[in-house]
>>> print(open('target17.cif').read())   # mmCIF, C-alpha atoms and all ligand atoms
data_my_file
loop_
_atom_site.label_atom_id
_atom_site.label_comp_id
_atom_site.auth_asym_id
_atom_site.auth_seq_id
_atom_site.Cartn_x
_atom_site.Cartn_y
_atom_site.Cartn_z
CA MET A 1 131.34 -100.91 40.01
CA GLN A 2 129.27 -101.08 36.83
CA ARG A 3 130.91 -103.66 34.61
CA TYR A 4 132.55 -102.69 31.31
CA ARG A 5 130.75 -104.05 28.24
CA VAL A 6 133.19 -106.00 26.08
CA GLY A 7 133.15 -107.44 22.58
CA ILE A 8 135.31 -110.31 21.28
CA LEU A 9 136.69 -110.29 17.72
CA GLY A 10 137.52 -113.84 16.63
CA ALA A 11 135.16 -115.18 19.31
CA THR A 12 134.76 -118.62 17.68
CA GLY A 13 138.50 -119.47 17.59
CA LEU A 14 140.62 -121.11 20.23
CA VAL A 15 141.70 -117.87 21.92
CA GLY A 16 138.16 -116.48 21.58
CA GLN A 17 136.84 -119.50 23.46
CA ARG A 18 139.45 -119.04 26.20
CA LEU A 19 138.42 -115.37 26.43
CA ILE A 20 134.78 -116.38 26.89
CA GLU A 21 135.83 -118.86 29.59
CA GLY A 22 137.87 -116.17 31.39
CA LEU A 23 135.11 -113.55 31.07
CA SER A 24 132.20 -115.64 32.31
CA ASN A 25 131.44 -114.37 35.83
CA HIS A 26 134.16 -111.68 35.61
CA ASP A 27 133.59 -108.93 38.19
CA TRP A 28 134.74 -106.06 35.96
CA PHE A 29 133.69 -107.12 32.43
CA GLU A 30 130.55 -108.53 30.80
CA ILE A 31 130.33 -109.98 27.30
CA ALA A 32 128.15 -107.73 25.13
CA GLY A 33 129.20 -108.70 21.60
CA LEU A 34 130.73 -111.62 19.70
CA ALA A 35 132.20 -111.26 16.21
CA ALA A 36 133.95 -113.55 13.75
CA SER A 37 134.13 -114.14 9.96
CA GLU A 38 131.34 -114.04 7.36
CA ARG A 39 131.11 -117.84 7.82
CA SER A 40 129.86 -117.36 11.38
CA ALA A 41 128.02 -114.03 11.19
CA GLY A 42 124.25 -114.30 11.65
CA LYS A 43 124.44 -117.68 13.43
CA THR A 44 124.05 -118.17 17.16
CA TYR A 45 127.37 -118.69 18.93
CA GLY A 46 126.31 -122.27 19.73
CA GLU A 47 125.80 -122.97 16.00
CA ALA A 48 128.92 -121.15 14.78
CA CYS A 49 131.51 -122.36 17.27
CA GLY A 50 133.17 -125.77 17.46
CA TRP A 51 133.82 -125.50 21.21
CA VAL A 52 137.00 -127.42 22.16
CA LEU A 53 137.40 -126.62 25.87
CA GLY A 54 136.70 -128.98 28.76
CA SER A 55 134.49 -126.41 30.49
CA ALA A 56 130.92 -126.03 29.20
CA MET A 57 130.06 -123.23 26.77
CA PRO A 58 128.20 -120.67 28.94
CA ASP A 59 124.47 -120.86 28.20
CA PRO A 60 123.79 -117.13 27.67
CA VAL A 61 126.78 -116.94 25.30
CA SER A 62 125.57 -119.92 23.24
CA ARG A 63 122.35 -117.99 22.45
CA MET A 64 124.06 -114.74 21.38
CA THR A 65 124.19 -113.93 17.67
CA VAL A 66 127.64 -113.66 16.11
CA THR A 67 128.21 -110.51 14.04
CA ARG A 68 130.78 -109.43 11.47
CA CYS A 69 133.91 -107.66 12.80
CA ASP A 70 132.41 -104.26 12.18
CA PRO A 71 132.60 -101.36 14.69
CA ALA A 72 128.93 -100.49 14.07
CA ALA A 73 127.86 -104.03 15.06
CA LEU A 74 129.69 -103.73 18.42
CA ASP A 75 128.70 -100.14 19.12
CA GLY A 76 127.35 -100.99 22.58
CA CYS A 77 130.78 -102.16 23.79
CA ASP A 78 133.33 -100.14 25.77
CA LEU A 79 136.29 -102.18 24.53
CA VAL A 80 137.04 -105.09 22.23
CA PHE A 81 139.35 -108.04 22.72
CA SER A 82 140.95 -109.17 19.49
CA ALA A 83 141.67 -112.85 18.90
CA LEU A 84 141.96 -112.50 15.12
CA ASP A 85 144.59 -113.96 12.82
CA ARG A 86 147.33 -111.51 11.92
CA PRO A 87 146.18 -110.46 8.38
CA VAL A 88 142.60 -109.87 9.54
CA ALA A 89 143.77 -108.06 12.68
CA ALA A 90 145.98 -105.79 10.54
CA GLU A 91 142.85 -104.47 8.78
CA VAL A 92 140.23 -104.66 11.50
CA GLU A 93 142.00 -103.46 14.68
CA PRO A 94 142.76 -99.91 13.37
CA GLU A 95 139.13 -99.60 12.20
CA PHE A 96 137.96 -100.24 15.77
CA ALA A 97 140.60 -97.91 17.25
CA ARG A 98 139.57 -95.14 14.81
CA ALA A 99 135.95 -95.69 15.88
CA GLY A 100 137.01 -94.91 19.48
CA PHE A 101 137.38 -98.43 20.91
CA ALA A 102 140.14 -99.63 23.20
CA VAL A 103 141.44 -102.68 21.30
CA VAL A 104 143.16 -105.18 23.59
CA SER A 105 144.80 -107.55 21.16
CA ASN A 106 146.35 -110.95 21.20
CA ALA A 107 147.36 -110.81 17.53
CA SER A 108 150.86 -110.03 16.27
CA ALA A 109 149.90 -107.41 13.66
CA PHE A 110 150.85 -104.32 15.73
CA ARG A 111 153.18 -105.72 18.40
CA GLN A 112 156.17 -104.02 16.81
CA ALA A 113 154.42 -100.74 15.88
CA PRO A 114 156.50 -98.02 17.61
CA ASP A 115 153.51 -96.39 19.37
CA VAL A 116 151.75 -99.64 20.42
CA PRO A 117 152.55 -101.04 23.85
CA LEU A 118 153.49 -104.72 24.03
CA VAL A 119 152.69 -105.61 27.63
CA VAL A 120 153.05 -108.35 30.21
CA PRO A 121 151.82 -106.43 33.27
CA GLU A 122 154.30 -107.80 35.82
CA VAL A 123 157.18 -107.03 33.44
CA ASN A 124 156.37 -103.64 31.90
CA ALA A 125 153.03 -102.24 33.12
CA ASP A 126 154.63 -98.79 32.76
CA HIS A 127 154.60 -99.19 28.93
CA LEU A 128 150.81 -99.02 28.96
CA ALA A 129 150.90 -95.22 29.26
CA MET A 130 152.01 -95.18 25.59
CA VAL A 131 148.32 -95.42 24.64
CA GLU A 132 147.91 -91.77 25.60
CA HIS A 133 150.23 -90.87 22.71
CA GLN A 134 148.50 -92.97 20.03
CA GLY A 135 146.79 -90.95 17.31
CA HIS A 136 143.75 -93.08 16.48
CA GLY A 137 141.15 -90.48 17.42
CA GLY A 138 140.00 -91.63 20.85
CA GLY A 139 140.68 -95.34 20.60
CA PHE A 140 143.95 -97.22 20.88
CA ILE A 141 145.59 -100.64 20.51
CA VAL A 142 147.38 -102.59 23.27
CA THR A 143 149.02 -105.96 22.56
CA ASN A 144 150.31 -108.94 24.50
CA PRO A 145 153.24 -111.00 23.21
CA ASN A 146 153.56 -114.29 21.42
CA CYS A 147 152.74 -117.28 23.64
CA SER A 148 156.36 -118.48 23.97
CA ALA A 149 157.69 -114.96 24.54
CA THR A 150 155.22 -114.51 27.42
CA GLY A 151 156.44 -117.49 29.47
CA LEU A 152 160.04 -116.72 28.63
CA VAL A 153 159.89 -113.07 29.64
CA LEU A 154 158.22 -113.92 32.96
CA ALA A 155 161.26 -116.05 33.80
CA LEU A 156 163.81 -113.60 32.36
CA ALA A 157 162.51 -110.29 33.73
CA PRO A 158 163.44 -111.04 37.37
CA LEU A 159 166.91 -112.20 36.27
CA HIS A 160 167.36 -109.19 34.01
CA ARG A 161 166.31 -106.75 36.76
CA ALA A 162 168.55 -108.45 39.35
CA PHE A 163 171.64 -109.17 37.25
CA GLY A 164 171.31 -108.05 33.60
CA ILE A 165 171.13 -110.45 30.64
CA ARG A 166 174.06 -110.62 28.22
CA ARG A 167 172.87 -113.30 25.79
CA LEU A 168 170.41 -116.10 25.53
CA PHE A 169 169.69 -119.46 23.91
CA VAL A 170 166.18 -120.96 23.97
CA SER A 171 164.68 -124.12 22.48
CA THR A 172 160.88 -124.42 22.68
CA MET A 173 158.53 -127.41 22.78
CA GLN A 174 155.20 -125.84 21.84
CA ALA A 175 151.76 -127.42 22.29
CA VAL A 176 149.38 -128.03 19.40
CA SER A 177 146.72 -125.58 20.69
CA GLY A 178 149.22 -122.78 19.99
CA ALA A 179 148.37 -123.19 16.30
CA GLY A 180 144.64 -122.49 16.82
CA THR A 181 141.61 -124.47 15.69
CA ALA A 182 143.08 -125.01 12.20
CA GLY A 183 146.43 -126.26 13.53
CA PRO A 184 148.28 -129.40 12.43
CA SER A 185 146.23 -132.58 11.96
CA ALA A 186 146.53 -135.69 14.14
CA LEU A 187 148.34 -137.41 11.25
CA GLN A 188 150.97 -134.68 11.29
CA MET A 189 151.38 -134.58 15.08
CA VAL A 190 151.03 -138.08 16.57
CA ASP A 191 154.44 -139.79 16.93
CA ASN A 192 156.10 -136.64 15.65
CA VAL A 193 157.82 -133.30 16.33
CA ILE A 194 157.81 -130.51 13.74
CA PRO A 195 161.02 -128.44 13.97
CA PHE A 196 159.55 -125.31 12.34
CA ILE A 197 156.83 -122.83 13.31
CA PRO A 198 156.58 -120.02 10.74
CA GLY A 199 157.70 -116.63 12.12
CA GLU A 200 158.01 -117.92 15.69
CA GLU A 201 161.77 -117.66 16.20
CA GLU A 202 161.85 -114.10 14.84
CA LYS A 203 158.92 -113.08 17.09
CA LEU A 204 160.64 -114.44 20.19
CA GLU A 205 163.83 -112.57 19.43
CA GLU A 206 162.12 -109.24 18.54
CA GLU A 207 159.50 -109.24 21.28
CA LEU A 208 161.93 -109.80 24.14
CA SER A 209 163.87 -106.68 23.17
CA LYS A 210 160.69 -104.55 23.29
CA LEU A 211 159.29 -106.11 26.48
CA LEU A 212 162.52 -105.56 28.42
CA GLY A 213 163.11 -102.10 26.94
CA ASP A 214 162.43 -98.74 28.62
CA ARG A 215 159.48 -96.50 27.77
CA ASP A 216 160.51 -93.18 26.32
CA GLY A 217 157.34 -91.05 26.11
CA GLY A 218 155.13 -92.60 23.44
CA THR A 219 157.60 -95.23 22.35
CA VAL A 220 160.08 -97.85 23.69
CA ARG A 221 163.87 -97.89 23.64
CA LYS A 222 164.49 -101.57 22.87
CA ILE A 223 167.35 -103.39 24.49
CA SER A 224 169.84 -105.30 22.42
CA ILE A 225 170.38 -108.86 23.61
CA PRO A 226 171.63 -111.58 21.24
CA VAL A 227 168.93 -114.29 21.29
CA SER A 228 169.15 -117.63 19.51
CA ALA A 229 165.71 -119.29 19.41
CA HIS A 230 164.77 -122.77 18.13
CA CYS A 231 161.02 -123.46 17.99
CA HIS A 232 159.36 -126.87 17.76
CA ARG A 233 155.74 -128.08 17.66
CA VAL A 234 155.26 -131.16 19.88
CA PRO A 235 152.23 -133.39 20.48
CA THR A 236 151.03 -131.90 23.79
CA ILE A 237 147.64 -130.14 23.89
CA ASP A 238 148.38 -127.09 26.07
CA GLY A 239 151.52 -125.67 27.71
CA HIS A 240 154.72 -124.49 26.04
CA LEU A 241 157.94 -125.84 27.57
CA GLU A 242 161.18 -123.91 26.88
CA ALA A 243 164.78 -124.95 27.61
CA VAL A 244 166.83 -121.82 28.30
CA SER A 245 170.55 -121.09 28.68
CA VAL A 246 171.40 -117.54 29.68
CA GLU A 247 174.51 -115.49 30.32
CA LEU A 248 173.99 -113.03 33.19
CA GLU A 249 176.21 -110.19 34.42
CA GLY A 250 178.32 -111.41 37.35
CA ASN A 251 177.50 -115.08 36.64
CA PRO A 252 175.17 -115.60 39.66
CA SER A 253 174.78 -119.05 41.21
CA PRO A 254 171.62 -121.14 40.64
CA GLU A 255 170.67 -120.43 44.30
CA ASP A 256 170.85 -116.65 43.74
CA ALA A 257 168.84 -116.97 40.53
CA ILE A 258 166.16 -119.05 42.30
CA GLU A 259 165.93 -116.48 45.09
CA SER A 260 165.31 -113.61 42.63
CA LEU A 261 162.73 -115.63 40.71
CA ARG A 262 160.83 -116.51 43.88
CA ALA A 263 160.95 -113.02 45.38
CA TRP A 264 159.81 -111.24 42.21
CA ARG A 265 156.25 -109.82 42.14
CA GLY A 266 156.71 -107.39 39.25
CA GLN A 267 155.03 -104.07 38.55
CA ILE A 268 151.41 -104.84 39.48
CA GLU A 269 151.70 -105.85 43.10
CA GLY A 270 148.90 -103.97 44.86
CA ASP A 271 146.82 -103.26 41.72
CA GLY A 272 144.29 -105.95 42.75
CA LEU A 273 143.82 -107.28 39.21
CA PRO A 274 141.40 -110.24 39.31
CA SER A 275 143.41 -112.39 36.85
CA ALA A 276 146.86 -111.71 38.35
CA PRO A 277 148.44 -114.77 39.97
CA ALA A 278 149.78 -114.37 43.51
CA GLN A 279 153.10 -115.79 42.33
CA PRO A 280 153.97 -114.85 38.70
CA VAL A 281 156.91 -117.29 38.67
CA GLU A 282 156.82 -120.57 40.60
CA VAL A 283 160.07 -122.48 41.03
CA ARG A 284 160.01 -126.27 41.39
CA MET A 285 162.96 -128.17 42.82
CA GLU A 286 162.10 -131.73 41.68
CA PRO A 287 164.49 -132.93 38.95
CA ASP A 288 161.65 -133.79 36.53
CA ARG A 289 159.40 -130.71 36.74
CA PRO A 290 157.79 -128.66 35.26
CA GLN A 291 155.79 -130.93 32.96
CA PRO A 292 152.99 -129.66 30.69
CA ARG A 293 150.24 -131.99 31.95
CA LEU A 294 151.10 -131.50 35.63
CA ASP A 295 152.08 -127.83 35.80
CA ARG A 296 150.34 -125.82 33.04
CA ASP A 297 147.43 -124.84 35.31
CA ALA A 298 149.65 -123.32 38.03
CA GLY A 299 148.12 -120.04 39.24
CA LYS A 300 144.95 -120.90 37.21
CA GLY A 301 147.16 -121.03 34.10
CA MET A 302 148.63 -117.55 34.78
CA SER A 303 151.93 -118.49 36.51
CA ALA A 304 155.10 -119.48 34.69
CA VAL A 305 156.74 -122.53 36.26
CA VAL A 306 160.54 -122.71 36.29
CA GLY A 307 162.54 -125.82 37.13
CA ARG A 308 165.92 -127.51 36.74
CA VAL A 309 167.83 -124.28 37.52
CA ARG A 310 171.47 -125.34 37.24
CA PRO A 311 174.90 -124.28 35.96
CA CYS A 312 175.42 -124.18 32.19
CA PRO A 313 178.94 -124.85 30.87
CA LEU A 314 178.29 -122.60 27.84
CA LEU A 315 176.43 -119.55 29.18
CA GLY A 316 176.52 -119.87 32.98
CA LEU A 317 172.90 -120.69 33.90
CA LYS A 318 170.23 -122.96 32.46
CA PHE A 319 166.65 -123.86 33.35
CA VAL A 320 163.29 -124.93 31.91
CA VAL A 321 160.17 -122.75 31.95
CA LEU A 322 156.58 -123.82 31.28
CA SER A 323 153.56 -121.58 30.70
CA HIS A 324 150.01 -122.15 29.51
CA ASN A 325 150.06 -120.87 25.94
CA ALA A 326 146.32 -120.37 25.58
CA VAL A 327 145.78 -118.82 29.05
CA ARG A 328 148.83 -116.77 30.17
CA GLY A 329 150.21 -116.76 26.60
CA ALA A 330 146.95 -115.64 25.00
CA ALA A 331 143.47 -115.00 26.47
CA GLY A 332 144.54 -114.61 30.12
CA GLY A 333 147.33 -112.23 29.13
CA THR A 334 144.89 -110.13 27.08
CA LEU A 335 142.42 -110.08 29.95
CA LEU A 336 145.13 -109.03 32.41
CA ASN A 337 146.08 -106.13 30.12
CA ALA A 338 142.45 -104.97 30.04
CA GLU A 339 142.23 -105.20 33.83
CA LEU A 340 145.40 -103.14 34.10
CA LEU A 341 143.97 -100.49 31.75
CA ALA A 342 140.86 -100.29 33.93
CA ALA A 343 142.83 -100.19 37.20
CA ARG A 344 145.10 -97.42 35.92
CA GLY A 345 142.19 -95.25 34.70
CA LEU A 346 143.05 -95.73 31.01
CA LEU A 347 139.77 -97.35 29.95
CA PRO A 348 137.07 -94.79 29.18
CA ARG A 349 133.46 -95.94 28.81
CA ARG A 350 132.35 -95.13 25.29
CA ASP A 351 128.89 -93.86 26.21
CA GLY A 352 130.19 -91.89 29.18
CA ARG A 353 128.45 -94.19 31.74
P1 LIG B 401 141.80 -119.62 15.42
O1 LIG B 401 141.39 -120.70 16.35
O2 LIG B 401 142.14 -119.98 14.01
O3 LIG B 401 140.62 -118.51 15.39
C1 LIG B 401 140.59 -117.47 14.45
C2 LIG B 401 139.36 -116.58 14.65
O4 LIG B 401 139.40 -115.53 13.67
C3 LIG B 401 138.02 -117.29 14.47
O5 LIG B 401 137.07 -116.73 15.35
C4 LIG B 401 137.64 -116.94 13.02
O6 LIG B 401 136.24 -116.93 12.81
C5 LIG B 401 138.15 -115.52 12.94
N1 LIG B 401 138.39 -115.14 11.54
C6 LIG B 401 139.08 -115.81 10.59
N2 LIG B 401 139.05 -115.13 9.41
C7 LIG B 401 138.32 -114.00 9.63
C8 LIG B 401 137.92 -112.90 8.83
N3 LIG B 401 138.27 -112.81 7.54
N4 LIG B 401 137.17 -111.92 9.40
C9 LIG B 401 136.81 -111.98 10.71
N5 LIG B 401 137.16 -113.01 11.55
C10 LIG B 401 137.90 -114.00 11.00
O7 LIG B 401 143.06 -118.84 15.96
P2 LIG B 401 143.55 -118.67 17.51
O8 LIG B 401 144.49 -119.74 17.88
O9 LIG B 401 142.35 -118.41 18.35
O10 LIG B 401 144.46 -117.37 17.40
C11 LIG B 401 143.91 -116.07 17.29
C12 LIG B 401 145.06 -115.06 17.35
O11 LIG B 401 145.75 -115.24 18.58
C13 LIG B 401 146.11 -115.25 16.25
O12 LIG B 401 146.57 -113.97 15.87
C14 LIG B 401 147.22 -116.05 16.95
O13 LIG B 401 148.48 -115.83 16.37
C15 LIG B 401 147.14 -115.47 18.35
N6 LIG B 401 147.66 -116.34 19.43
C16 LIG B 401 147.19 -117.60 19.60
C17 LIG B 401 147.67 -118.38 20.68
C18 LIG B 401 147.21 -119.79 20.94
O14 LIG B 401 147.69 -120.40 21.93
N7 LIG B 401 146.32 -120.37 20.13
C19 LIG B 401 148.60 -117.84 21.55
C20 LIG B 401 149.06 -116.53 21.35
C21 LIG B 401 148.57 -115.80 20.29
P3 LIG B 401 135.43 -118.14 12.06
O15 LIG B 401 135.24 -119.22 13.10
O16 LIG B 401 134.16 -117.48 11.68
O17 LIG B 401 136.27 -118.58 10.91
#
>>> encode(input="target17.cif", output="structure tokens", more="lines below")
Ligand code: NAP
Amino acid sequence: MQRYRVGILGATGLVGQRLIEGLSNHDWFEIAGLAASERSAGKTYGEACGWVLGSAMPDPVSRMTVTRCDPAALDGCDLVFSALDRPVAAEVEPEFARAGFAVVSNASAFRQAPDVPLVVPEVNADHLAMVEHQGHGGGFIVTNPNCSATGLVLALAPLHRAFGIRRLFVSTMQAVSGAGTAGPSALQMVDNVIPFIPGEEEKLEEELSKLLGDRDGGTVRKISIPVSAHCHRVPTIDGHLEAVSVELEGNPSPEDAIESLRAWRGQIEGDGLPSAPAQPVEVRMEPDRPQPRLDRDAGKGMSAVVGRVRPCPLLGLKFVVLSHNAVRGAAGGTLLNAELLAARGLLPRRDGR
């Protein structure tokens, strides 16, 4: 198969770097354009980007010239990945969609737009067909959820499908990389926990109801589940840990819950997506797992790891879930959505190749 040519908006940021890492040597996609702010435009990627990942910056990418986030500058691309901050994404993503691009976005700007799918492929791949109803003139926008919502919904979807969720309490411990390259300073984070992440609790509550809802033509009928979320920034580098208590219909035992989590493969079994983990949810039985440093790379960073599944005296069942915020919760989730678009025949090539 001839590879799709892809551009990255926000290529110099933390998620942009993770996208480059995930796209180097990808069988279906090749990087054909890199864009960022006026500060970076005109420089080589190597000059513009303060690379923070442990893997090396790919050589060919380091020599590419960064452009502005302008559809004309990325005209040779079939699709663009967006790793832009929300206010910039709100302006730029519709411009690309109107110019005929598939925009596969990691930003929050359009997650709640009624005609924009919010997708975690294992959970709601069927929502992707909403793009056929979007009126952007050829292009469209697809989004993936907030990094904490992604790990949480991977653990909740199997329980919701098997039993039905009544209500939910979640308290997050979110890694510093979740705040991007301009996140909190070392002075703010070392020896500290910050019990506030702007907008995060609202996003968790709203996004779950859309992710677990049912597609109705070009939109989604959201479900109504009372969710109480508490979000905290903690001094880990990568990997969001979430402590969850949930009330399920029929009050299943921890053993029954574990069995549904382990058996679940979700909606993309058989699609052959290169970034899909064999096991979307791994369950650990040790009393002290999952831990961010030990478990965030499970399934190459694409699996959610659940542990400490046990009875809860308040809501019936409690557990912890860990997922890699910058891989499954950001770049890897975006990449998986693009692979799903390609596999389901929803990704046209812009020059008709
Ligand atoms: P980041 O490290 O701050 O990167 C932001 C990127 O946007 C940079 O490439 C920056 O380019 C570019 N940019 C800033 N202002 C711009 C402008 N006016 N015009 C064009 N480009 C501009 O942020 P991030 O952590 O990668 O996050 C990117 C998006 O992903 C955000 O919407 C965030 O909420 C979301 N997200 C992040 C995570 C995570 O784990 N970090 C997880 C889920 C979702 P310059 O280098 O040129 O300034």
>>> residues_near_ligand(input="target17.cif", ligand="ligand LIG 401 (chain B)", cutoff="7 Å", atoms="all atoms listed in the file", output="ChimeraX atom specification")
/A:9-16,36-40,48-49,68-69,83-86,88,106-108,146-147,177-182,325-326,329-330
>>> atom_distance(input="target17.cif", atom1="atom CA of A:Trp51", atom2="atom CA of A:Thr67")
17.5 Å
>>> closest_atom_pairs(input="target17.cif", of="stretch 79-178 of chain A", to="stretch 194-198 of chain A", cutoff="12 Å", atoms="only C-alpha atoms", output="CSV")
residue,atom,partner,partner_atom,distance
A:Ser148,CA,A:Ile197,CA,11.5
A:Ser171,CA,A:Pro195,CA,10.2
A:Thr172,CA,A:Pro195,CA,9.6
A:Met173,CA,A:Pro195,CA,9.2
A:Gln174,CA,A:Ile197,CA,9.2
A:Ala175,CA,A:Ile194,CA,10.9
A:Val176,CA,A:Ile194,CA,10.5
A:Gly178,CA,A:Ile197,CA,10.1
>>> atom_distance(input="target17.cif", atom1="atom CA of A:Pro277", atom2="atom CA of A:Val80")
23.2 Å
>>> residues_around(input="target17.cif", residues="stretch 23-33 of chain A", least_positions_apart="3", cutoff="7 Å", atoms="all atoms listed in the file", output="list of chain:residue names")
A:Arg3, A:Tyr4, A:Arg5, A:Val6, A:Gly7, A:Ile8, A:Leu19, A:Ile20, A:Leu74, A:Cys77
>>> atom_distance(input="target17.cif", atom1="atom CA of A:Thr143", atom2="atom CA of A:Phe110")
7.3 Å
>>> residues_around(input="target17.cif", residues="stretch 62-64 of chain A", least_positions_apart="6", cutoff="7 Å", atoms="all atoms listed in the file", output="MDAnalysis selection string")
chainID A and resid 44:46
>>> residues_around(input="target17.cif", residues="stretch 301-310 of chain A", least_positions_apart="4", cutoff="6 Å", atoms="all atoms listed in the file", output="PDB file with C-alpha atoms, in the coordinates of the input")
ATOM      1  CA  GLY A 151     156.440-117.490  29.470  1.00  0.00           C
ATOM      2  CA  PRO A 254     171.620-121.140  40.640  1.00  0.00           C
ATOM      3  CA  PRO A 277     148.440-114.770  39.970  1.00  0.00           C
ATOM      4  CA  PRO A 280     153.970-114.850  38.700  1.00  0.00           C
ATOM      5  CA  VAL A 281     156.910-117.290  38.670  1.00  0.00           C
ATOM      6  CA  GLU A 282     156.820-120.570  40.600  1.00  0.00           C
ATOM      7  CA  VAL A 283     160.070-122.480  41.030  1.00  0.00           C
ATOM      8  CA  ARG A 284     160.010-126.270  41.390  1.00  0.00           C
ATOM      9  CA  ARG A 289     159.400-130.710  36.740  1.00  0.00           C
ATOM     10  CA  PRO A 290     157.790-128.660  35.260  1.00  0.00           C
ATOM     11  CA  ARG A 296     150.340-125.820  33.040  1.00  0.00           C
ATOM     12  CA  ASP A 297     147.430-124.840  35.310  1.00  0.00           C
ATOM     13  CA  LEU A 317     172.900-120.690  33.900  1.00  0.00           C
ATOM     14  CA  LYS A 318     170.230-122.960  32.460  1.00  0.00           C
ATOM     15  CA  PHE A 319     166.650-123.860  33.350  1.00  0.00           C
ATOM     16  CA  VAL A 320     163.290-124.930  31.910  1.00  0.00           C
ATOM     17  CA  VAL A 321     160.170-122.750  31.950  1.00  0.00           C
ATOM     18  CA  LEU A 322     156.580-123.820  31.280  1.00  0.00           C
ATOM     19  CA  SER A 323     153.560-121.580  30.700  1.00  0.00           C
ATOM     20  CA  HIS A 324     150.010-122.150  29.510  1.00  0.00           C
ATOM     21  CA  VAL A 327     145.780-118.820  29.050  1.00  0.00           C
ATOM     22  CA  ARG A 328     148.830-116.770  30.170  1.00  0.00           C
TER      23      ARG A 328
END
>>> residues_around(input="target17.cif", residues="A:Leu204", least_positions_apart="2", cutoff="8 Å", atoms="all atoms listed in the file", output="list in words")
Asn146, Ser148, Ala149, Glu200, Glu201, Glu202, Glu206, Glu207, Leu208 and Ala229 of chain A
>>> write_last_selection(input="target17.cif", atoms="C-alpha atoms", output="PDB file, in the coordinates of the input")
ATOM      1  CA  ASN A 146     153.560-114.290  21.420  1.00  0.00           C
ATOM      2  CA  SER A 148     156.360-118.480  23.970  1.00  0.00           C
ATOM      3  CA  ALA A 149     157.690-114.960  24.540  1.00  0.00           C
ATOM      4  CA  GLU A 200     158.010-117.920  15.690  1.00  0.00           C
ATOM      5  CA  GLU A 201     161.770-117.660  16.200  1.00  0.00           C
ATOM      6  CA  GLU A 202     161.850-114.100  14.840  1.00  0.00           C
ATOM      7  CA  GLU A 206     162.120-109.240  18.540  1.00  0.00           C
ATOM      8  CA  GLU A 207     159.500-109.240  21.280  1.00  0.00           C
ATOM      9  CA  LEU A 208     161.930-109.800  24.140  1.00  0.00           C
ATOM     10  CA  ALA A 229     165.710-119.290  19.410  1.00  0.00           C
TER      11      ALA A 229
END
>>> closest_residue(input="target17.cif", among="A:Glu132, A:Asp191, A:Glu122, A:Asp70", to="A:Glu95", atoms="all atoms listed in the file")
A:Asp70
>>> closest_residue(input="target17.cif", among="A:Ala343, A:Ala97, A:Val170, A:Val123", to="A:Leu241", atoms="all atoms listed in the file")
A:Val170
>>> residues_around(input="target17.cif", residues="A:Ala263", least_positions_apart="3", cutoff="12 Å", atoms="all atoms listed in the file", output="PyMOL selection string")
chain A and resi 155+158-159+161-162+256-260+266+269+278-283
>>> closest_residue(input="target17.cif", among="A:Cys231, A:Val190, A:Met57, A:Leu273", to="A:Ala338", atoms="only C-alpha atoms")
A:Leu273
